[in-house]
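Structure record follows, encoded as structure tokens.
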Amino acid sequence: MTSFLAYLLFVSYPISIILSSALIPDLRWQSILPLHMCSILTLVAGLALISECPFLRAVTYFIATPVCAQALITPALAYRFPSPIFFEFFASHMLIVTAAFYLPLVMGWRPRKKDFVRAFFFGLAYMLAMLVINPLLGTNYGFVSNRPAGGSILDLLGEWPIYLFGMATVGFAGLWLISLPFKILK
């Protein structure tokens with residue numbers, strides 16, 4: 001089952017590219033690079049499932065849980081039901097969340113003492129990288145250049161660049177909160 005879940009994660013991004021290429025007439029190559037956090041997480045989560053790497057497992061649990069949950073609650077999608085892109089979006093994000101919970105619930109993984117802090121710094125490094133990459137490509141990976149159209153939690157955090165600090169603060173608090181079950185179980 002673990003290998004099958006990893007396989008599904010690994011193929012979800014190529015499936016996304018195939019669907020996007022076939023269904024979006026004015027698709028720009030810059031917008032389909034694997035630079036969305038959740039695109040990166042499909043690879044990270046797949047590797048976390050088949051490797052013993054504690055860092056990959058921590059990133060999968062601590063970043064995928066809040067990021068993909070937020071994406072599922074307030075999806076930034078131009079294509080609605082019944083588009084195949086709609087179904088692929090939800091399927092890939094659910095796979096990532098499934099992997100995040102599969103690690104502790106099925107595989108018995110437990111975070112180390114400062115794993116949520118390491119995962120937080122992974123998230124910050126991603127944000128900083130996208131702040132450099134987005135202007136070069138004319139993109140908005142990680143929504144660090146603009147808030148998503150259609151509304152999201154970022155609307156509650158102020159204007160750019162103020163909401164970036166809100167993202168970091170809410171992110172840190174969220175990672176700490178999802179570390180609590182493991183602290184309570186000790």
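Residues are named by chain letter and number: chains run A, B, ... in the order of the structure tokens, numbers start at 1 in each chain, and ligands are numbered from 1 in the order shown.
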Would you give me, as a Markdown table, each residue of stretch 30-62 of chain A having an atom within 10 Å of an atom of stretch 76-100 of chain A, along with its shortest atom pair and that distance in Å to one decimal, using only C-alpha atoms and sorting by chain and residue number?
| residue | atom | partner | partner_atom | distance |
| --- | --- | --- | --- | --- |
| A:Cys38 | CA | A:His93 | CA | 7.2 |
| A:Ser39 | CA | A:Ser92 | CA | 8.8 |
| A:Leu41 | CA | A:Ile96 | CA | 6.9 |
| A:Thr42 | CA | A:Ile96 | CA | 6.2 |
| A:Leu43 | CA | A:Ile96 | CA | 9.4 |
| A:Val44 | CA | A:Ile96 | CA | 9.3 |
| A:Ala45 | CA | A:Ala99 | CA | 6.3 |
| A:Gly46 | CA | A:Ala99 | CA | 7.8 |
| A:Ala48 | CA | A:Ala99 | CA | 8.5 |
| A:Leu49 | CA | A:Ala99 | CA | 7.3 |
| A:Arg57 | CA | A:Ala100 | CA | 7.9 |
| A:Ala58 | CA | A:Ala100 | CA | 8.9 |
| A:Val59 | CA | A:Ala100 | CA | 8.9 |
| A:Thr60 | CA | A:Ala100 | CA | 5.5 |
| A:Tyr61 | CA | A:Ala100 | CA | 4.4 |
| A:Phe62 | CA | A:Ala100 | CA | 7.9 |
Write out as a list of chain:residue names the set of residues from stretch 99-132 of chain A that DSSP, computed on the backbone, places in alpha helix (DSSP H).
A:Ala99, A:Ala100, A:Phe101, A:Tyr102, A:Leu103, A:Pro104, A:Leu105, A:Asp115, A:Phe116, A:Val117, A:Arg118, A:Ala119, A:Phe120, A:Phe121, A:Phe122, A:Gly123, A:Leu124, A:Ala125, A:Tyr126, A:Met127, A:Leu128, A:Ala129, A:Met130, A:Leu131, A:Val132
Selected residues, N, CA, C and O atoms, written as a compact mmCIF listing (two decimals), in the first residue's frame, please.
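Listed below is the output, again_38.txt:
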# COMPACT_ATOMS: atom_id res chain seq x y z
N ALA A 99 -0.95 11.06 2.59
CA ALA A 99 0.43 10.69 2.92
C ALA A 99 0.85 11.30 4.25
O ALA A 99 1.53 10.65 5.06
N ALA A 100 0.46 12.55 4.49
CA ALA A 100 0.83 13.23 5.74
C ALA A 100 0.29 12.48 6.95
O ALA A 100 0.98 12.39 7.98
N PHE A 101 -0.91 11.95 6.86
CA PHE A 101 -1.49 11.21 7.98
C PHE A 101 -1.10 9.73 7.98
O PHE A 101 -1.08 9.08 9.03
N TYR A 102 -0.77 9.20 6.81
CA TYR A 102 -0.34 7.82 6.70
C TYR A 102 0.98 7.60 7.46
O TYR A 102 1.16 6.55 8.10
N LEU A 103 1.86 8.59 7.39
CA LEU A 103 3.16 8.45 8.06
C LEU A 103 3.01 8.15 9.55
O LEU A 103 3.56 7.16 10.03
N PRO A 104 2.28 8.96 10.33
CA PRO A 104 2.17 8.63 11.75
C PRO A 104 1.17 7.52 12.06
O PRO A 104 1.38 6.72 12.97
N LEU A 105 0.06 7.47 11.32
CA LEU A 105 -1.00 6.54 11.69
C LEU A 105 -0.76 5.11 11.23
O LEU A 105 -1.14 4.16 11.92
N ASP A 115 11.36 19.08 14.75
CA ASP A 115 10.97 18.88 13.36
C ASP A 115 10.03 19.96 12.86
O ASP A 115 10.11 20.38 11.71
N PHE A 116 9.12 20.44 13.70
CA PHE A 116 8.20 21.46 13.21
C PHE A 116 8.95 22.76 12.93
O PHE A 116 8.60 23.50 12.02
N VAL A 117 10.03 23.03 13.66
CA VAL A 117 10.84 24.22 13.40
C VAL A 117 11.60 24.05 12.09
O VAL A 117 11.66 24.98 11.28
N ARG A 118 12.14 22.87 11.86
CA ARG A 118 12.84 22.60 10.59
C ARG A 118 11.88 22.73 9.40
O ARG A 118 12.22 23.30 8.37
N ALA A 119 10.69 22.21 9.58
CA ALA A 119 9.68 22.32 8.51
C ALA A 119 9.29 23.78 8.29
O ALA A 119 9.11 24.21 7.15
N PHE A 120 9.19 24.54 9.37
CA PHE A 120 8.87 25.96 9.24
C PHE A 120 9.95 26.69 8.43
O PHE A 120 9.64 27.47 7.53
N PHE A 121 11.21 26.38 8.69
CA PHE A 121 12.29 27.02 7.94
C PHE A 121 12.31 26.55 6.48
O PHE A 121 12.67 27.32 5.59
N PHE A 122 11.89 25.33 6.23
CA PHE A 122 11.71 24.87 4.85
C PHE A 122 10.66 25.76 4.16
O PHE A 122 10.86 26.20 3.03
N GLY A 123 9.55 26.01 4.84
CA GLY A 123 8.50 26.87 4.30
C GLY A 123 9.00 28.29 4.06
O GLY A 123 8.68 28.90 3.03
N LEU A 124 9.77 28.83 5.00
CA LEU A 124 10.33 30.18 4.81
C LEU A 124 11.29 30.22 3.63
O LEU A 124 11.27 31.17 2.84
N ALA A 125 12.14 29.20 3.50
CA ALA A 125 13.08 29.15 2.37
C ALA A 125 12.31 29.09 1.06
O ALA A 125 12.69 29.76 0.08
N TYR A 126 11.22 28.34 1.03
CA TYR A 126 10.38 28.28 -0.17
C TYR A 126 9.82 29.66 -0.49
O TYR A 126 9.89 30.11 -1.64
N MET A 127 9.28 30.35 0.52
CA MET A 127 8.73 31.69 0.29
C MET A 127 9.79 32.64 -0.27
O MET A 127 9.52 33.38 -1.22
N LEU A 128 10.97 32.62 0.32
CA LEU A 128 12.04 33.51 -0.14
C LEU A 128 12.46 33.18 -1.57
O LEU A 128 12.68 34.08 -2.39
N ALA A 129 12.57 31.89 -1.88
CA ALA A 129 12.92 31.49 -3.24
C ALA A 129 11.86 31.97 -4.24
O ALA A 129 12.20 32.48 -5.32
N MET A 130 10.60 31.85 -3.89
CA MET A 130 9.53 32.27 -4.79
C MET A 130 9.48 33.79 -4.93
O MET A 130 9.09 34.31 -5.99
N LEU A 131 9.89 34.52 -3.90
CA LEU A 131 9.97 35.98 -4.01
C LEU A 131 11.00 36.40 -5.07
O LEU A 131 10.86 37.45 -5.70
N VAL A 132 12.01 35.56 -5.27
CA VAL A 132 13.02 35.82 -6.30
C VAL A 132 12.55 35.31 -7.66
O VAL A 132 12.66 36.00 -8.68
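With distances taken over only C-alpha atoms, A:Lys113 is the one residue among A:Lys113, A:Thr74, A:Pro14, A:Thr2 lying closest to A:Phe182.
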How far is it from atom CA of A:Tyr13 to atom CA of A:Pro34, in Å with one decimal?
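Distance reported for this atom pair: 7.7 Å.
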Taking 2 positions as the minimum chain separation for residues in the same chain, which residues sit within 12 Å of stretch 146-155 of chain A when counting only C-alpha atoms? Answer as an MDAnalysis selection string.
chainID A and resid 66:67 69:78 130:131 134:135 138:144 157:171
State, in Å with one decimal place, the distance from atom CA of A:Ile178 to atom CA of A:Ser16.
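These atoms are spaced 28.9 Å apart.
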